[in-house]
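Shown next: model-v3.cif, given as mmCIF, C-alpha atoms.
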data_work
#
loop_
_atom_site.group_PDB
_atom_site.id
_atom_site.type_symbol
_atom_site.label_atom_id
_atom_site.label_comp_id
_atom_site.auth_asym_id
_atom_site.auth_seq_id
_atom_site.Cartn_x
_atom_site.Cartn_y
_atom_site.Cartn_z
ATOM 1 C CA MET R 1 192.489 98.018 85.277
ATOM 2 C CA ALA R 2 195.293 100.266 86.300
ATOM 3 C CA LEU R 3 197.418 100.815 83.253
ATOM 4 C CA ASP R 4 200.093 103.444 83.171
ATOM 5 C CA ILE R 5 199.141 105.042 79.866
ATOM 6 C CA ALA R 6 201.820 107.692 80.079
ATOM 7 C CA ALA R 7 204.490 105.036 80.486
ATOM 8 C CA LEU R 8 203.084 103.083 77.552
ATOM 9 C CA LYS R 9 203.035 106.202 75.414
ATOM 10 C CA ALA R 10 206.644 107.035 76.259
ATOM 11 C CA LYS R 11 207.765 103.474 75.608
ATOM 12 C CA ALA R 12 205.914 103.303 72.267
ATOM 13 C CA ALA R 13 207.261 106.693 71.182
ATOM 14 C CA ALA R 14 210.808 105.674 72.028
ATOM 15 C CA SER R 15 210.400 102.411 70.156
ATOM 16 C CA LEU R 16 208.989 104.184 67.113
ATOM 17 C CA ALA R 17 211.710 106.800 67.161
ATOM 18 C CA ALA R 18 214.326 104.074 67.281
ATOM 19 C CA GLN R 19 212.708 102.308 64.318
ATOM 20 C CA GLN R 20 212.503 105.561 62.349
ATOM 21 C CA ALA R 21 216.100 106.346 63.126
ATOM 22 C CA SER R 22 217.205 102.948 61.898
ATOM 23 C CA LEU R 23 215.116 103.336 58.739
ATOM 24 C CA GLY R 24 216.076 106.967 58.186
ATOM 25 C CA THR R 25 212.487 108.209 57.995
ATOM 26 C CA THR R 26 211.129 111.353 59.594
ATOM 27 C CA SER R 27 207.393 110.978 59.552
ATOM 28 C CA GLU R 28 205.048 112.800 61.908
ATOM 29 C CA ALA R 29 206.423 111.326 65.057
ATOM 30 C CA THR R 30 204.530 113.754 67.206
ATOM 31 C CA ASN R 31 201.184 112.292 66.157
ATOM 32 C CA VAL R 32 202.069 108.744 66.997
ATOM 33 C CA PRO R 33 201.591 108.953 70.761
ATOM 34 C CA ALA R 34 198.080 110.299 70.219
ATOM 35 C CA ILE R 35 197.260 107.392 67.937
ATOM 36 C CA ILE R 36 198.700 104.926 70.409
ATOM 37 C CA GLU R 37 196.781 106.567 73.235
ATOM 38 C CA ASP R 38 193.544 106.068 71.340
ATOM 39 C CA LYS R 39 194.308 102.398 70.795
ATOM 40 C CA VAL R 40 195.300 101.869 74.394
ATOM 41 C CA THR R 41 192.163 103.564 75.619
ATOM 42 C CA GLU R 42 190.095 101.441 73.273
ATOM 43 C CA VAL R 43 191.647 98.230 74.577
ATOM 44 C CA VAL R 44 191.209 99.260 78.189
ATOM 45 C CA SER R 45 187.579 100.185 77.724
ATOM 46 C CA THR R 46 186.614 96.958 75.951
ATOM 47 C CA GLU R 47 184.761 94.560 78.226
ATOM 48 C CA VAL R 48 185.825 90.982 77.717
ATOM 49 C CA ASP R 49 183.358 88.294 78.770
ATOM 50 C CA TYR R 50 185.175 85.425 80.476
ATOM 51 C CA PRO R 51 184.195 82.677 80.463
ATOM 52 C CA PRO R 52 182.293 83.173 77.210
ATOM 53 C CA THR R 53 178.605 82.348 77.355
ATOM 54 C CA LYS R 54 177.814 79.126 75.539
ATOM 55 C CA GLN R 55 174.606 79.852 73.680
ATOM 56 C CA SER R 56 174.183 76.252 72.647
ATOM 57 C CA GLU R 57 173.842 75.143 76.268
ATOM 58 C CA THR R 58 171.087 77.620 77.090
ATOM 59 C CA THR R 59 169.044 77.202 73.939
ATOM 60 C CA ALA R 60 169.452 73.505 73.248
ATOM 61 C CA PRO R 61 166.165 71.585 73.382
ATOM 62 C CA VAL R 62 165.731 69.506 76.503
ATOM 63 C CA ALA R 63 163.558 66.420 76.588
ATOM 64 C CA LEU R 64 160.651 67.000 78.962
ATOM 65 C CA GLY R 65 159.762 64.480 81.596
ATOM 66 C CA ALA R 66 156.294 63.063 81.951
ATOM 67 C CA ALA R 67 155.383 65.553 84.656
ATOM 68 C CA ASP R 68 156.573 68.495 82.613
ATOM 69 C CA GLN R 69 154.699 67.259 79.566
ATOM 70 C CA ILE R 70 151.443 66.886 81.456
ATOM 71 C CA ILE R 71 151.786 70.265 83.141
ATOM 72 C CA GLN R 72 152.627 71.872 79.830
ATOM 73 C CA ARG R 73 149.575 70.285 78.258
ATOM 74 C CA ILE R 74 147.431 71.547 81.097
ATOM 75 C CA ASN R 75 148.753 75.032 80.379
ATOM 76 C CA ASP R 76 147.963 74.474 76.691
ATOM 77 C CA LEU R 77 144.482 73.365 77.675
ATOM 78 C CA GLN R 78 143.981 76.500 79.727
ATOM 79 C CA ALA R 79 145.053 78.677 76.826
ATOM 80 C CA ALA R 80 142.816 76.759 74.426
ATOM 81 C CA LEU R 81 139.824 77.179 76.733
ATOM 82 C CA GLN R 82 140.440 80.860 77.360
ATOM 83 C CA GLN R 83 140.875 81.673 73.690
ATOM 84 C CA SER R 84 138.263 79.187 72.440
ATOM 85 C CA LEU R 85 140.863 77.450 70.337
ATOM 86 C CA PRO R 86 140.066 74.118 68.678
ATOM 87 C CA GLY R 87 141.783 70.935 69.725
ATOM 88 C CA TYR R 88 141.176 71.078 73.465
ATOM 89 C CA GLU R 89 139.604 67.622 73.309
ATOM 90 C CA SER R 90 142.789 66.088 72.011
ATOM 91 C CA ILE R 91 144.691 67.799 74.810
ATOM 92 C CA LEU R 92 142.289 66.283 77.322
ATOM 93 C CA HIS R 93 142.784 62.908 75.700
ATOM 94 C CA PHE R 94 146.561 63.297 75.925
ATOM 95 C CA ILE R 95 146.399 64.245 79.608
ATOM 96 C CA HIS R 96 144.100 61.301 80.290
ATOM 97 C CA HIS R 97 146.436 58.917 78.525
ATOM 98 C CA GLU R 98 149.589 60.237 80.138
ATOM 99 C CA LEU R 99 148.114 60.300 83.627
ATOM 100 C CA HIS R 100 147.312 56.622 83.303
ATOM 101 C CA ARG R 101 150.801 55.907 82.050
ATOM 102 C CA ASN R 102 152.444 57.984 84.782
ATOM 103 C CA GLU R 103 150.037 57.981 87.674
ATOM 104 C CA ASP R 104 152.602 59.340 90.118
ATOM 105 C CA VAL R 105 152.440 62.681 88.339
ATOM 106 C CA VAL R 106 148.970 63.253 89.753
ATOM 107 C CA HIS R 107 150.510 63.851 93.172
ATOM 108 C CA ILE R 108 152.146 67.087 92.059
ATOM 109 C CA LEU R 109 149.098 68.546 90.323
ATOM 110 C CA THR R 110 147.768 71.631 92.049
ATOM 111 C CA GLU R 111 144.142 72.486 92.650
ATOM 112 C CA ASP R 112 144.266 75.077 89.882
ATOM 113 C CA GLN R 113 145.647 72.583 87.394
ATOM 114 C CA ILE R 114 142.959 70.068 88.275
ATOM 115 C CA GLY R 115 140.447 72.886 87.895
ATOM 116 C CA VAL R 116 141.648 73.480 84.341
ATOM 117 C CA ILE R 117 141.009 69.813 83.534
ATOM 118 C CA VAL R 118 137.532 70.072 85.026
ATOM 119 C CA ALA R 119 136.870 73.188 82.975
ATOM 120 C CA GLY R 120 137.799 71.277 79.849
ATOM 121 C CA LEU R 121 135.538 68.400 80.827
ATOM 122 C CA SER R 122 132.608 70.686 81.505
ATOM 123 C CA LYS R 123 133.047 72.294 78.106
ATOM 124 C CA LYS R 124 133.235 68.887 76.482
ATOM 125 C CA LYS R 125 130.048 67.785 78.208
ATOM 126 C CA ASN R 126 128.484 71.195 77.697
ATOM 127 C CA VAL R 127 127.459 71.423 81.314
ATOM 128 C CA VAL R 128 127.588 74.206 83.849
ATOM 129 C CA ILE R 129 129.059 73.101 87.131
ATOM 130 C CA ALA R 130 126.658 73.623 90.009
ATOM 131 C CA THR R 131 128.054 75.273 93.091
ATOM 132 C CA SER R 132 125.895 73.450 95.609
ATOM 133 C CA SER R 133 127.565 71.047 97.989
ATOM 134 C CA ALA R 134 127.041 67.311 98.222
ATOM 135 C CA LYS R 135 124.974 67.796 101.365
ATOM 136 C CA GLY R 136 122.053 69.007 99.327
ATOM 137 C CA GLY R 137 121.937 65.919 97.126
ATOM 138 C CA LYS R 138 119.459 63.075 97.265
ATOM 139 C CA THR R 139 120.451 59.957 99.114
ATOM 140 C CA PRO R 140 119.049 56.499 98.425
ATOM 141 C CA ALA R 141 116.090 55.437 100.561
ATOM 142 C CA GLY R 142 116.210 58.637 102.567
ATOM 143 C CA LYS R 143 119.440 57.706 104.273
ATOM 144 C CA LYS R 144 121.697 60.313 105.717
ATOM 145 C CA LEU R 145 124.901 60.872 103.831
ATOM 146 C CA LYS R 146 127.070 59.559 106.628
ATOM 147 C CA ASP R 147 125.116 56.296 106.669
ATOM 148 C CA LEU R 148 125.815 55.419 103.041
ATOM 149 C CA ASP R 149 128.024 52.458 102.374
ATOM 150 C CA LEU R 150 128.934 49.998 99.672
ATOM 151 C CA ALA R 151 125.588 48.190 99.871
ATOM 152 C CA ASP R 152 123.819 51.301 98.601
ATOM 153 C CA LEU R 153 125.466 51.075 95.220
ATOM 154 C CA MET Z 1 142.361 50.355 90.077
ATOM 155 C CA ARG Z 2 144.718 52.828 88.472
ATOM 156 C CA SER Z 3 141.916 55.213 87.506
ATOM 157 C CA ALA Z 4 140.501 55.061 91.000
ATOM 158 C CA ALA Z 5 143.883 55.823 92.524
ATOM 159 C CA ILE Z 6 144.345 58.821 90.252
ATOM 160 C CA PHE Z 7 140.862 60.027 91.074
ATOM 161 C CA TRP Z 8 141.468 59.687 94.783
ATOM 162 C CA VAL Z 9 144.683 61.723 94.683
ATOM 163 C CA MET Z 10 142.977 64.395 92.606
ATOM 164 C CA ILE Z 11 140.184 64.695 95.122
ATOM 165 C CA ARG Z 12 142.683 65.038 97.925
ATOM 166 C CA ASN Z 13 144.722 67.628 96.029
ATOM 167 C CA ALA Z 14 141.671 69.701 95.183
ATOM 168 C CA PRO Z 15 139.378 69.601 98.214
ATOM 169 C CA ASN Z 16 137.263 72.508 96.983
ATOM 170 C CA LEU Z 17 135.955 70.812 93.864
ATOM 171 C CA SER Z 18 132.206 71.030 93.451
ATOM 172 C CA PRO Z 19 130.121 67.849 93.276
ATOM 173 C CA GLY Z 20 129.661 68.332 89.564
ATOM 174 C CA SER Z 21 133.397 68.666 89.074
ATOM 175 C CA ILE Z 22 134.033 65.541 91.118
ATOM 176 C CA SER Z 23 131.524 63.640 89.021
ATOM 177 C CA LEU Z 24 133.056 64.868 85.793
ATOM 178 C CA LEU Z 25 136.477 63.771 86.954
ATOM 179 C CA ALA Z 26 135.163 60.358 87.971
ATOM 180 C CA GLY Z 27 133.495 59.871 84.631
ATOM 181 C CA TRP Z 28 136.544 61.088 82.759
ATOM 182 C CA LEU Z 29 138.976 58.886 84.591
ATOM 183 C CA CYS Z 30 136.932 55.726 84.144
ATOM 184 C CA GLY Z 31 136.403 56.579 80.519
ATOM 185 C CA THR Z 32 132.656 57.050 80.522
ATOM 186 C CA HIS Z 33 132.694 60.479 78.942
ATOM 187 C CA TRP Z 34 134.069 59.092 75.741
ATOM 188 C CA ALA Z 35 131.272 56.530 75.387
ATOM 189 C CA ASP Z 36 127.700 56.985 74.184
ATOM 190 C CA ASN Z 37 125.818 54.300 76.047
ATOM 191 C CA MET Z 38 124.558 55.978 79.186
ATOM 192 C CA PRO Z 39 123.295 52.917 81.178
ATOM 193 C CA GLU Z 40 126.591 51.261 80.533
ATOM 194 C CA ASP Z 41 128.268 54.422 81.758
ATOM 195 C CA ILE Z 42 126.430 54.289 85.062
ATOM 196 C CA ASN Z 43 127.530 50.726 85.576
ATOM 197 C CA LYS Z 44 131.073 51.753 84.885
ATOM 198 C CA VAL Z 45 130.852 54.536 87.406
ATOM 199 C CA ASN Z 46 129.437 52.165 89.990
ATOM 200 C CA GLU Z 47 132.289 49.786 89.439
ATOM 201 C CA PHE Z 48 134.664 52.686 89.601
ATOM 202 C CA ILE Z 49 133.347 53.780 92.976
ATOM 203 C CA LYS Z 50 133.468 50.242 94.280
ATOM 204 C CA THR Z 51 137.084 50.066 93.210
ATOM 205 C CA LEU Z 52 137.689 53.318 94.998
ATOM 206 C CA TYR Z 53 136.181 51.876 98.145
ATOM 207 C CA ARG Z 54 138.618 49.007 98.014
ATOM 208 C CA LEU Z 55 141.541 51.385 98.054
ATOM 209 C CA GLU Z 56 143.148 51.391 101.432
ATOM 210 C CA LEU Z 57 143.485 55.159 101.360
ATOM 211 C CA ALA Z 58 139.802 55.624 100.665
ATOM 212 C CA THR Z 59 138.702 53.379 103.490
ATOM 213 C CA GLN Z 60 140.715 55.497 105.902
ATOM 214 C CA ASP Z 61 138.498 58.458 105.213
ATOM 215 C CA LYS Z 62 134.979 57.060 105.102
ATOM 216 C CA GLN Z 63 133.287 60.415 105.408
ATOM 217 C CA LEU Z 64 134.929 61.682 102.276
ATOM 218 C CA PHE Z 65 134.227 58.419 100.548
ATOM 219 C CA THR Z 66 130.526 58.515 101.360
ATOM 220 C CA GLN Z 67 130.333 62.063 100.068
ATOM 221 C CA LEU Z 68 131.972 60.971 96.852
ATOM 222 C CA LEU Z 69 129.649 58.037 96.630
ATOM 223 C CA ALA Z 70 126.536 60.166 96.936
ATOM 224 C CA THR Z 71 127.901 62.915 94.754
ATOM 225 C CA VAL Z 72 128.796 60.753 91.808
ATOM 226 C CA ARG Z 73 125.738 58.569 92.095
ATOM 227 C CA ASN Z 74 123.414 61.558 92.197
ATOM 228 C CA TYR Z 75 125.098 63.167 89.236
ATOM 229 C CA TYR Z 76 124.759 60.140 87.023
ATOM 230 C CA ASP Z 77 121.291 59.239 88.259
ATOM 231 C CA ASN Z 78 120.143 62.739 87.354
ATOM 232 C CA SER Z 79 121.890 62.567 84.012
ATOM 233 C CA ALA Z 80 120.114 59.333 83.155
ATOM 234 C CA SER Z 81 116.649 60.599 84.110
#

As a first step, turn the structure in this file into structure tokens.
Amino acid sequence: MALDIAALKAKAAASLAAQQASLGTTSEATNVPAIIEDKVTEVVSTEVDYPPTKQSETTAPVALGAADQIIQRINDLQAALQQSLPGYESILHFIHHELHRNEDVVHILTEDQIGVIVAGLSKKKNVVIATSSAKGGKTPAGKKLKDLDLADL
Amino acid sequence: MRSAAIFWVMIRNAPNLSPGSISLLAGWLCGTHWADNMPEDINKVNEFIKTLYRLELATQDKQLFTQLLATVRNYYDNSAS
């Protein structure tokens, strides 16, 4: 901001001198410009934030959608499993319930998020997930895997 | 049908799941892991897989379906024995 401080000082001093002359006072007129200069400098250096930030808009609670709720619960489940916190079963139950209510949400779940659910299930069932592939499993009546069909159930 | 559809999408989204993980998901989604009666659970899983087979999406990828079939069946057969 390009303010002519010298011009302001001169104008303020002249105004003050005129007021003092009309009032008949002779105070320390020489100090006044210095005081005014300080005030002017203070005003110039103050940063004004326009438009002002509305805190209420950034911190107001927002209702989460079904997808956000499920993803948040999956994150909660991950934290509960990592820190051995109680209550992971209820989180699993919530996810189960909400997925059935909003089945479209399953399309946006990532492999990692599904892995967290599986980790919770394995803890619930107290099992260790084997790393072998399905190819090594038994098949009914010695059939090859590719030959299985609905009749084998 | 809804559980089977969810299961199918999960399998497609996470192709690297182990057989055990797939079986756990199947059992979870058809509700068997919250029950105590194991033979009844196996029947539920069988019905679940049959429902999956009826899904149009599943029938388009028979190789994946047969792997799921064997995977889940083996898991629950071994659990029962």

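Minimum atom-to-atom distances from R:His107, R:Ser84, R:Lys123, R:Val116 to chain Z were compared using only C-alpha atoms, and the lowest value belongs to R:His107.
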
Check what the PyMOL selection byres ((chain Z) within 8 of (chain R)) selects in the file above and give those residues as a compact mmCIF listing (two decimals) with C-alpha atoms, in the coordinates of the input.
# COMPACT_ATOMS: atom_id res chain seq x y z
CA ARG Z 2 144.72 52.83 88.47
CA SER Z 3 141.92 55.21 87.51
CA ILE Z 6 144.34 58.82 90.25
CA VAL Z 9 144.68 61.72 94.68
CA MET Z 10 142.98 64.40 92.61
CA ASN Z 13 144.72 67.63 96.03
CA ALA Z 14 141.67 69.70 95.18
CA PRO Z 15 139.38 69.60 98.21
CA LEU Z 17 135.96 70.81 93.86
CA SER Z 18 132.21 71.03 93.45
CA PRO Z 19 130.12 67.85 93.28
CA GLY Z 20 129.66 68.33 89.56
CA SER Z 21 133.40 68.67 89.07
CA LEU Z 24 133.06 64.87 85.79
CA LEU Z 25 136.48 63.77 86.95
CA TRP Z 28 136.54 61.09 82.76
CA LEU Z 29 138.98 58.89 84.59
CA HIS Z 33 132.69 60.48 78.94
CA ASN Z 46 129.44 52.16 89.99
CA LYS Z 50 133.47 50.24 94.28
CA TYR Z 53 136.18 51.88 98.14
CA GLN Z 63 133.29 60.42 105.41
CA THR Z 66 130.53 58.52 101.36
CA GLN Z 67 130.33 62.06 100.07
CA LEU Z 69 129.65 58.04 96.63
CA ALA Z 70 126.54 60.17 96.94
CA THR Z 71 127.90 62.92 94.75
CA ASN Z 74 123.41 61.56 92.20

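Atom CA of Z:Ala5 sits 21.1 Å away from atom CA of R:Gly65.
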
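Note that the spacing between atom CA of R:Arg73 and atom CA of R:Asn126 amounts to 21.1 Å.
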
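Counting from atom CA of R:Leu85, the distance to atom CA of Z:Asn16 is 27.3 Å.
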
*Around the point (135.4, 52.8, 89.9), in the coordinates given by the file, pick out the residues reaching within 8 Å, counting all atoms listed in the file, and return them as an MDAnalysis selection string.*
chainID Z and resid 1 3:4 26 30 44:52

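Closest to Z:Asn78 among Z:Arg54, Z:Arg12, Z:Phe7, Z:Ser23 is Z:Ser23, based on only C-alpha atoms.
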